[in-house]
file model_27.cif (mmCIF, C-alpha atoms)
data_protein
loop_
_atom_site.label_atom_id
_atom_site.label_comp_id
_atom_site.auth_asym_id
_atom_site.auth_seq_id
_atom_site.Cartn_x
_atom_site.Cartn_y
_atom_site.Cartn_z
CA MET A 1 -24.27 17.59 40.08
CA LYS A 2 -24.19 20.56 37.72
CA ARG A 3 -27.38 22.01 39.13
CA PHE A 4 -25.69 22.38 42.52
CA LEU A 5 -22.66 24.16 41.11
CA ILE A 6 -24.50 27.36 40.17
CA PRO A 7 -26.05 28.01 43.62
CA LEU A 8 -22.73 27.05 45.21
CA GLY A 9 -20.90 29.52 42.97
CA LEU A 10 -23.40 32.28 43.79
CA PHE A 11 -23.08 31.48 47.49
CA LEU A 12 -19.27 31.73 47.32
CA VAL A 13 -19.49 35.10 45.54
CA LEU A 14 -21.84 36.28 48.29
CA VAL A 15 -19.43 35.03 50.97
CA VAL A 16 -16.54 36.92 49.37
CA PHE A 17 -18.58 40.16 49.20
CA LEU A 18 -19.74 39.81 52.80
CA ALA A 19 -16.20 39.01 53.98
CA ILE A 20 -14.86 42.15 52.32
CA GLY A 21 -17.76 44.25 53.60
CA LEU A 22 -17.52 43.01 57.18
CA ASN A 23 -13.79 43.62 57.37
CA ARG A 24 -14.04 47.24 56.41
CA ASP A 25 -14.35 49.92 59.03
CA PRO A 26 -17.39 52.04 58.17
CA HIS A 27 -15.92 54.88 60.22
CA GLU A 28 -13.03 55.22 57.82
CA VAL A 29 -14.31 57.53 55.16
CA PRO A 30 -11.73 57.98 52.39
CA SER A 31 -10.71 61.63 52.21
CA PRO A 32 -11.22 63.45 48.92
CA LEU A 33 -8.31 65.70 49.95
CA VAL A 34 -5.61 63.11 49.31
CA GLY A 35 -3.76 64.28 46.20
CA LYS A 36 -5.03 67.85 46.64
CA PRO A 37 -3.13 70.87 47.98
CA ALA A 38 -3.41 71.21 51.75
CA PRO A 39 -6.10 73.84 52.45
CA ALA A 40 -4.62 77.17 53.47
CA PHE A 41 -5.16 78.49 56.98
CA SER A 42 -3.56 80.91 59.34
CA VAL A 43 -3.91 80.26 63.07
CA GLU A 44 -2.04 81.27 66.18
CA LYS A 45 0.86 79.28 67.52
CA LEU A 46 0.56 77.72 70.95
CA ALA A 47 3.97 78.89 72.13
CA GLU A 48 3.91 82.41 70.68
CA PRO A 49 0.58 84.22 71.15
CA GLY A 50 -0.08 86.65 68.33
CA LYS A 51 2.15 84.82 65.85
CA THR A 52 0.43 82.75 63.21
CA PHE A 53 1.34 79.65 61.29
CA SER A 54 0.26 78.71 57.79
CA PRO A 55 0.96 75.48 55.84
CA THR A 56 3.04 77.43 53.31
CA ASP A 57 5.61 77.93 56.09
CA MET A 58 6.47 74.25 55.62
CA GLN A 59 6.99 74.51 51.85
CA GLY A 60 9.94 72.40 50.74
CA GLN A 61 9.59 69.92 53.61
CA VAL A 62 7.77 66.64 53.98
CA TRP A 63 5.76 66.97 57.18
CA LEU A 64 2.95 65.60 59.27
CA LEU A 65 -0.06 67.57 60.44
CA ASN A 66 -1.45 65.83 63.50
CA VAL A 67 -4.88 66.86 64.79
CA TRP A 68 -5.24 66.39 68.53
CA ALA A 69 -6.90 67.64 71.71
CA SER A 70 -6.35 66.97 75.39
CA TRP A 71 -9.94 65.67 75.79
CA CYS A 72 -9.39 63.11 73.04
CA VAL A 73 -8.90 59.65 74.50
CA SER A 74 -7.44 58.05 71.37
CA CYS A 75 -4.87 60.86 71.17
CA ARG A 76 -3.52 59.70 74.50
CA ALA A 77 -3.10 56.20 73.06
CA GLU A 78 -1.33 57.59 70.00
CA HIS A 79 0.86 60.05 71.83
CA PRO A 80 3.75 57.80 73.02
CA LEU A 81 4.26 56.69 69.43
CA LEU A 82 4.48 60.29 68.24
CA VAL A 83 6.90 61.17 71.04
CA ALA A 84 9.16 58.22 70.19
CA PHE A 85 8.92 59.04 66.49
CA SER A 86 9.88 62.68 67.05
CA ARG A 87 12.93 61.59 69.10
CA GLN A 88 14.19 59.67 66.07
CA GLY A 89 13.86 62.94 64.18
CA GLY A 90 11.95 61.36 61.32
CA LEU A 91 9.67 64.11 60.14
CA PRO A 92 8.61 67.52 61.42
CA ILE A 93 5.21 67.18 63.07
CA VAL A 94 2.90 70.15 63.37
CA GLY A 95 0.26 69.67 66.05
CA LEU A 96 -3.13 71.16 65.27
CA ASN A 97 -4.86 71.49 68.61
CA TYR A 98 -8.52 71.05 67.68
CA LYS A 99 -11.31 72.70 69.69
CA GLU A 100 -9.45 72.29 72.94
CA VAL A 101 -12.12 74.11 74.97
CA ARG A 102 -15.25 73.83 72.80
CA GLY A 103 -14.73 70.16 72.15
CA ASP A 104 -14.68 69.36 75.86
CA GLY A 105 -18.24 68.56 76.86
CA GLY A 106 -17.50 69.57 80.44
CA ILE A 107 -17.03 73.25 79.65
CA ASP A 108 -19.67 75.67 78.44
CA ALA A 109 -17.51 77.55 75.96
CA LYS A 110 -20.34 79.95 75.07
CA LYS A 111 -19.92 81.63 78.44
CA LEU A 112 -16.25 82.34 77.82
CA SER A 113 -14.95 85.47 76.17
CA PRO A 114 -12.62 84.88 73.18
CA ALA A 115 -9.66 86.01 75.27
CA ASP A 116 -10.57 83.66 78.11
CA GLU A 117 -11.05 80.81 75.66
CA ALA A 118 -7.62 81.46 74.13
CA SER A 119 -5.87 81.53 77.48
CA LEU A 120 -7.70 78.42 78.71
CA THR A 121 -6.80 76.63 75.45
CA ARG A 122 -3.13 77.56 75.86
CA GLN A 123 -3.11 76.53 79.49
CA ARG A 124 -4.77 73.14 78.88
CA ALA A 125 -2.79 72.25 75.73
CA GLY A 126 0.49 73.34 77.30
CA ALA A 127 -0.14 71.37 80.49
CA TRP A 128 -1.03 68.25 78.52
CA LEU A 129 2.12 68.47 76.40
CA SER A 130 4.39 68.99 79.39
CA GLN A 131 2.77 66.04 81.13
CA HIS A 132 2.78 63.58 78.22
CA GLY A 133 5.74 64.87 76.20
CA ASP A 134 5.81 67.23 73.25
CA PRO A 135 6.47 65.55 69.89
CA TYR A 136 5.60 68.65 67.89
CA THR A 137 7.94 70.90 65.97
CA LEU A 138 5.29 73.47 66.73
CA SER A 139 1.71 73.48 67.87
CA VAL A 140 -1.05 75.66 66.50
CA LEU A 141 -4.55 76.37 67.77
CA ASP A 142 -7.80 75.72 65.93
CA MET A 143 -10.12 76.92 68.64
CA ASP A 144 -13.40 76.99 66.72
CA GLY A 145 -12.74 73.98 64.48
CA ARG A 146 -12.84 75.98 61.23
CA VAL A 147 -9.50 74.57 60.05
CA GLY A 148 -10.79 71.12 60.96
CA ILE A 149 -13.77 71.56 58.63
CA ASP A 150 -11.50 72.59 55.73
CA TYR A 151 -9.41 69.47 56.32
CA GLY A 152 -12.45 67.22 56.60
CA VAL A 153 -11.72 66.31 60.21
CA TYR A 154 -14.57 64.31 61.71
CA GLY A 155 -12.83 62.43 64.48
CA VAL A 156 -9.69 63.17 66.41
CA PRO A 157 -6.88 62.12 66.06
CA GLU A 158 -6.28 62.45 62.37
CA THR A 159 -2.92 62.86 60.66
CA TYR A 160 -2.02 64.21 57.24
CA LEU A 161 1.23 63.56 55.39
CA ILE A 162 2.04 66.59 53.27
CA ASP A 163 4.74 66.70 50.59
CA LYS A 164 7.28 69.40 49.69
CA LYS A 165 4.85 71.12 47.36
CA GLY A 166 2.18 71.27 50.02
CA VAL A 167 0.02 68.45 48.61
CA ILE A 168 -1.70 66.03 51.01
CA ARG A 169 -0.45 62.56 50.14
CA PHE A 170 -1.90 60.41 52.89
CA LYS A 171 -4.47 60.68 55.67
CA GLN A 172 -4.52 58.53 58.76
CA ILE A 173 -7.94 58.44 60.38
CA GLY A 174 -7.79 57.56 64.06
CA PRO A 175 -4.58 56.97 66.01
CA ILE A 176 -1.40 56.17 64.10
CA THR A 177 -0.59 52.52 64.79
CA PRO A 178 3.00 51.22 64.70
CA ASP A 179 1.89 49.18 61.71
CA ALA A 180 0.55 52.20 59.80
CA LEU A 181 3.72 54.15 60.62
CA GLU A 182 6.09 51.41 59.45
CA LYS A 183 4.19 50.20 56.43
CA LYS A 184 2.47 53.28 55.08
CA ILE A 185 3.65 56.60 56.44
CA LEU A 186 7.43 56.04 56.58
CA PRO A 187 7.88 54.39 53.16
CA LEU A 188 5.76 57.10 51.55
CA ALA A 189 7.62 59.86 53.42
CA ARG A 190 10.97 58.44 52.25
CA GLN A 191 9.75 58.38 48.69
CA LEU A 192 8.41 61.93 48.97
CA ALA A 193 11.72 63.14 50.39
CA THR A 194 13.45 62.16 47.13
CA GLU A 195 10.97 64.14 45.04
CA SER A 196 12.01 67.66 44.26
CA MET B 1 -37.67 75.18 37.36
CA LYS B 2 -34.83 75.28 39.81
CA ALA B 3 -33.94 78.80 38.76
CA LEU B 4 -37.57 79.82 39.24
CA ARG B 5 -37.64 78.26 42.67
CA ARG B 6 -34.45 80.08 43.55
CA THR B 7 -35.87 83.38 42.36
CA LEU B 8 -38.98 82.77 44.44
CA THR B 9 -36.87 81.92 47.47
CA THR B 10 -34.83 85.05 46.96
CA CYS B 11 -37.99 87.16 46.70
CA ALA B 12 -39.40 85.55 49.81
CA THR B 13 -36.11 86.12 51.57
CA ALA B 14 -36.11 89.75 50.52
CA LEU B 15 -39.70 90.19 51.74
CA LEU B 16 -38.98 88.56 55.04
CA LEU B 17 -35.64 90.22 55.44
CA GLY B 18 -37.09 93.68 54.79
CA PRO B 19 -38.12 94.38 58.36
CA LEU B 20 -35.05 92.57 59.68
CA GLY B 21 -32.86 94.86 57.63
CA LEU B 22 -34.48 97.81 59.37
CA THR B 23 -33.79 96.38 62.80
CA ALA B 24 -30.22 95.78 61.70
CA LEU B 25 -30.02 99.47 60.83
CA ALA B 26 -31.32 100.24 64.28
CA GLY B 27 -28.17 98.55 65.55
CA GLU B 28 -29.75 95.37 66.87
CA ALA B 29 -28.12 92.10 66.00
CA THR B 30 -30.68 89.49 64.95
CA PRO B 31 -29.77 85.95 65.93
CA MET B 32 -29.44 83.79 62.82
CA ALA B 33 -31.95 81.27 64.09
CA ASP B 34 -34.63 83.97 63.88
CA ASN B 35 -34.59 83.96 60.10
CA PRO B 36 -37.17 81.30 59.13
CA VAL B 37 -36.21 81.22 55.44
CA VAL B 38 -32.57 80.48 56.19
CA GLU B 39 -33.60 77.90 58.78
CA ALA B 40 -35.98 76.16 56.38
CA ARG B 41 -33.27 75.94 53.74
CA LEU B 42 -30.76 74.78 56.35
CA ILE B 43 -33.08 71.94 57.36
CA ALA B 44 -33.84 71.01 53.74
CA ILE B 45 -30.15 70.86 52.83
CA SER B 46 -28.94 69.17 55.97
CA GLU B 47 -31.54 66.43 55.73
CA GLU B 48 -29.82 65.35 52.53
CA LEU B 49 -26.45 65.21 54.25
CA ARG B 50 -24.99 62.53 56.45
CA CYS B 51 -23.47 63.22 59.82
CA LEU B 52 -19.99 61.71 59.74
CA VAL B 53 -19.82 60.98 63.44
CA CYS B 54 -23.07 59.05 63.78
CA GLN B 55 -23.37 57.82 60.26
CA ASN B 56 -27.01 56.81 60.26
CA GLU B 57 -28.20 60.24 61.21
CA SER B 58 -28.65 63.19 58.92
CA LEU B 59 -26.90 66.44 59.55
CA ALA B 60 -30.29 67.91 60.40
CA GLY B 61 -31.08 65.43 63.13
CA SER B 62 -27.71 64.81 64.70
CA ARG B 63 -26.72 66.24 68.04
CA ALA B 64 -23.05 65.46 67.45
CA GLU B 65 -20.79 68.41 67.88
CA LEU B 66 -19.37 68.20 64.38
CA ALA B 67 -22.93 68.27 63.04
CA GLU B 68 -23.55 71.47 64.97
CA ASP B 69 -20.38 73.00 63.53
CA LEU B 70 -21.36 71.95 60.03
CA ARG B 71 -24.89 73.31 60.41
CA ARG B 72 -23.37 76.60 61.49
CA GLU B 73 -21.16 76.47 58.41
CA VAL B 74 -24.09 75.69 56.09
CA ARG B 75 -26.10 78.52 57.65
CA LYS B 76 -23.23 80.90 56.94
CA LEU B 77 -23.03 79.70 53.33
CA ILE B 78 -26.77 80.22 52.90
CA GLN B 79 -26.43 83.76 54.20
CA ASP B 80 -23.55 84.32 51.79
CA GLY B 81 -26.06 83.58 49.03
CA LYS B 82 -24.67 80.20 47.97
CA SER B 83 -26.95 77.82 46.07
CA ASP B 84 -27.85 74.36 47.40
CA THR B 85 -25.52 72.76 44.86
CA GLU B 86 -22.64 75.01 45.86
CA ILE B 87 -23.18 74.18 49.53
CA LYS B 88 -23.24 70.45 48.85
CA ASP B 89 -20.11 70.75 46.69
CA TYR B 90 -18.43 72.60 49.55
CA LEU B 91 -19.05 69.68 51.90
CA VAL B 92 -18.25 67.01 49.31
CA ALA B 93 -14.87 68.68 48.65
CA ARG B 94 -14.04 68.21 52.33
CA TYR B 95 -15.71 64.97 53.33
CA GLY B 96 -16.26 63.16 50.03
CA ASP B 97 -19.40 61.77 48.42
CA PHE B 98 -20.06 59.92 51.65
CA VAL B 99 -21.76 63.00 53.11
CA LEU B 100 -24.47 62.78 50.46
CA TYR B 101 -27.35 60.44 51.23
CA ARG B 102 -28.13 60.52 47.50
CA PRO B 103 -24.82 59.68 45.83
CA PRO B 104 -24.13 61.26 42.42
CA VAL B 105 -24.37 59.15 39.27
CA LYS B 106 -20.81 58.66 38.00
CA PRO B 107 -18.69 55.72 36.80
CA THR B 108 -17.76 54.63 40.34
CA THR B 109 -21.39 54.60 41.45
CA TRP B 110 -22.88 52.98 38.35
CA LEU B 111 -22.92 49.61 40.04
CA LEU B 112 -24.75 51.14 43.00
CA TRP B 113 -27.35 52.92 40.89
CA PHE B 114 -27.88 50.41 38.09
CA GLY B 115 -26.78 47.17 39.77
CA PRO B 116 -30.25 46.31 41.13
CA PHE B 117 -31.84 46.87 37.71
CA ALA B 118 -29.13 44.77 36.03
CA LEU B 119 -29.78 42.06 38.60
CA LEU B 120 -33.53 42.24 37.94
CA ALA B 121 -33.02 42.11 34.14
CA GLY B 122 -30.68 39.13 34.57
CA ALA B 123 -33.20 37.32 36.75
CA VAL B 124 -36.05 37.95 34.28
CA ALA B 125 -33.87 36.74 31.37
CA GLY B 126 -32.97 33.64 33.37
CA LEU B 127 -36.61 32.96 34.21
CA VAL B 128 -37.71 33.35 30.55
CA ALA B 129 -34.93 31.02 29.37
CA TYR B 130 -35.87 28.46 32.01
CA LEU B 131 -39.58 28.56 31.15
CA ARG B 132 -38.86 28.20 27.42
CA ARG B 133 -36.57 25.25 28.00
CA ARG B 134 -39.12 23.58 30.23
CA ALA B 135 -41.93 24.18 27.73
CA SER B 136 -39.94 22.49 24.99
CA ARG B 137 -39.05 19.57 27.24
CA VAL B 138 -42.58 18.70 28.45
CA GLN B 139 -44.32 16.70 25.71
CA PRO B 140 -48.11 17.03 25.48
CA ALA B 141 -49.71 13.67 26.31
CA HIS B 142 -51.51 12.00 23.41
CA LEU B 143 -54.88 10.42 24.10
CA SER B 144 -55.97 7.45 22.08
CA ALA B 145 -59.54 7.52 20.74
CA ALA B 146 -60.59 4.86 23.31
CA ASP B 147 -59.12 6.85 26.21
CA LYS B 148 -60.91 9.95 25.05
CA ALA B 149 -64.24 8.15 24.76
CA SER B 150 -63.95 6.69 28.27
CA ALA B 151 -62.98 10.06 29.70
CA GLU B 152 -66.03 11.66 28.12
CA ALA B 153 -68.28 8.85 29.40
CA LEU B 154 -66.94 9.40 32.90
CA LEU B 155 -67.51 13.13 32.68
CA ALA B 156 -71.08 12.63 31.43
CA ASP B 157 -71.78 10.22 34.31
CA THR B 158 -70.56 12.56 36.96
CA PRO B 159 -73.55 13.60 39.04
CA PRO B 160 -74.00 17.31 39.57
CA ARG B 161 -71.90 18.57 42.43
CA PRO B 162 -73.63 18.52 45.76
CA LYS B 163 -74.41 21.98 46.92
CA ASP B 164 -72.04 23.48 49.40
CA PRO B 165 -73.48 22.75 52.86
CA ALA B 166 -72.66 26.27 53.87
#

call {"tool": "encode", "arguments": {"input": "model_27.cif", "output": "structure tokens"}}
result
Amino acid sequence: MKRFLIPLGLFLVLVVFLAIGLNRDPHEVPSPLVGKPAPAFSVEKLAEPGKTFSPTDMQGQVWLLNVWASWCVSCRAEHPLLVAFSRQGGLPIVGLNYKEVRGDGGIDAKKLSPADEASLTRQRAGAWLSQHGDPYTLSVLDMDGRVGIDYGVYGVPETYLIDKKGVIRFKQIGPITPDALEKKILPLARQLATES
Amino acid sequence: MKALRRTLTTCATALLLGPLGLTALAGEATPMADNPVVEARLIAISEELRCLVCQNESLAGSRAELAEDLRREVRKLIQDGKSDTEIKDYLVARYGDFVLYRPPVKPTTWLLWFGPFALLAGAVAGLVAYLRRRASRVQPAHLSAADKASAEALLADTPPRPKDPA
């Protein structure tokens, strides 16, 4: 009897390890930026050409930075949730429009002049927001994806919860699900709102 | 050793960049891809890095768009004179240790690095213990004098082995 217990025990340990391993999403790479200050950047606003936005503008507020693009299919799935959430007035959401033109495989961005790229980006992003609703307090443009690299963006959509001191406290990889919003983002945002 | 290699690389870069510098003075922009030293270093570094979009490909081999962006970034860092370690640290700060195909040795990766050896040591210890226990359990058979004599008689009687037909 005893001689069967050891292999059985080893087998059960193996089953537990495999069960944990198989239930993890290998595409979710934990971000080293959580707990670190949000990287600084300065990019143009969608609505006001020539005017720039930088994360320090949001100092003193708990806010969400949502990375999106009109070519991103998962963003479309996430969008109604963001629109509904913004109507409740929960948190300010800054939309970082990521590689709107360059990220779209259908366009050869190398043939465009910077000015043409900027105007095409504005036109596409603006049209998408007026069609699907605009949940953003403001939208900013990361046309070449440089800001994305500093934030460790590797798939769109991604969302960062940033506290009053400008520290990233949570990163959602992939679309925000109602579950993630209710169980993770909102409780943490409420707690962060009480911090000075 | 590493410092020496770096010095050599720098010298080689300087040698190769000499003529390029002159063309730059002549007002001609040289595409980055034309600098073989930078490209060689770019390939060497990016082969050690994982593409985050298609995770089983290296940054050198991936055609994913993010990989292209990151290669461009690494190329820029090389031209800024950053060392390989600094470039890797730059990417690790943004994407985590996951970008490294060769994870660093630190408390959270001890199990990964030393686990297989611990497992091997455990298995060898288990095998030794098992063999010792078995050796002590199996009693050598005792032959009586009569048994021994009959065994020897049988052995002496055995005709020589027939030759192998082949």

call {"tool": "resolve_selection", "arguments": {"input": "model_27.cif", "expression": "the PyMOL selection byres ((chain B) within 6 of (chain A))", "output": "list in words"}}
result
Arg94, Tyr95 and Gly96 of chain B

call {"tool": "atom_distance", "arguments": {"input": "model_27.cif", "atom1": "CA of Arg75 in chain B", "atom2": "CA of Tyr98 in chain A"}}
result
21.6 Å

call {"tool": "resolve_selection", "arguments": {"input": "model_27.cif", "expression": "the PyMOL selection byres ((chain B and resi 88-92) around 10)", "output": "MDAnalysis selection string"}}
result
(chainID A and resid 31:32 149:150 152) or (chainID B and resid 45:46 48:49 70 73:74 77 82:87 93:100)

call {"tool": "atom_distance", "arguments": {"input": "model_27.cif", "atom1": "CA of Ser130 in chain A", "atom2": "CA of Ala69 in chain A"}}
result
13.7 Å

call {"tool": "closest_residue", "arguments": {"input": "model_27.cif", "among": "A:Val83, A:Val101, A:Val67, A:Ile176", "to": "Gln131 in chain A", "atoms": "only C-alpha atoms"}}
result
A:Val83

call {"tool": "resolve_selection", "arguments": {"input": "model_27.cif", "expression": "the PyMOL selection byres ((chain A and resi 97) around 7)", "output": "short mmCIF file (atom, residue, chain, number, x, y, z; two decimals) with C-alpha atoms, keeping the file's coordinate frame"}}
result
data_model
loop_
_atom_site.label_atom_id
_atom_site.label_comp_id
_atom_site.auth_asym_id
_atom_site.auth_seq_id
_atom_site.Cartn_x
_atom_site.Cartn_y
_atom_site.Cartn_z
CA VAL A 67 -4.88 66.86 64.79
CA TRP A 68 -5.24 66.39 68.53
CA ALA A 69 -6.90 67.64 71.71
CA GLY A 95 0.26 69.67 66.05
CA LEU A 96 -3.13 71.16 65.27
CA TYR A 98 -8.52 71.05 67.68
CA LYS A 99 -11.31 72.70 69.69
CA GLU A 100 -9.45 72.29 72.94
CA SER A 139 1.71 73.48 67.87
CA VAL A 140 -1.05 75.66 66.50
CA LEU A 141 -4.55 76.37 67.77
CA ASP A 142 -7.80 75.72 65.93
#

call {"tool": "atom_distance", "arguments": {"input": "model_27.cif", "atom1": "CA of Gly166 in chain A", "atom2": "CA of Gly89 in chain A"}}
result
20.2 Å

call {"tool": "residues_around", "arguments": {"input": "model_27.cif", "residues": "Val38 in chain B", "least_positions_apart": "3", "cutoff": "8 Å", "atoms": "all atoms listed in the file", "output": "PDB file with C-alpha atoms, in the coordinates of the input"}}
result
ATOM      1  CA  ALA B  33     -31.950  81.270  64.090  1.00  0.00           C
ATOM      2  CA  ASN B  35     -34.590  83.960  60.100  1.00  0.00           C
ATOM      3  CA  ARG B  41     -33.270  75.940  53.740  1.00  0.00           C
ATOM      4  CA  LEU B  42     -30.760  74.780  56.350  1.00  0.00           C
ATOM      5  CA  ARG B  75     -26.100  78.520  57.650  1.00  0.00           C
ATOM      6  CA  ILE B  78     -26.770  80.220  52.900  1.00  0.00           C
ATOM      7  CA  GLN B  79     -26.430  83.760  54.200  1.00  0.00           C
TER       8      GLN B  79
END

call {"tool": "axis_aligned_box", "arguments": {"input": "model_27.cif", "around": "range 28-34 of chain A", "padding_each_side": "6 Å", "output": "AutoDock Vina command-line options"}}
result
--center_x -10.0 --center_y 60.5 --center_z 53.4 --size_x 20.7 --size_y 22.5 --size_z 20.9

call {"tool": "closest_residue", "arguments": {"input": "model_27.cif", "among": "A:Glu44, A:Asp163, A:Asp108, A:Glu158", "to": "Pro92 in chain A", "atoms": "all atoms listed in the file"}}
result
A:Asp163

call {"tool": "closest_residue", "arguments": {"input": "model_27.cif", "among": "A:Gly50, A:Gly60, A:Ala40, A:Ala19", "to": "Glu195 in chain A", "atoms": "all atoms listed in the file"}}
result
A:Gly60

call {"tool": "closest_residue", "arguments": {"input": "model_27.cif", "among": "A:Pro37, A:Pro55, A:Gly90, A:Gly9", "to": "Phe170 in chain A", "atoms": "all atoms listed in the file"}}
result
A:Pro37
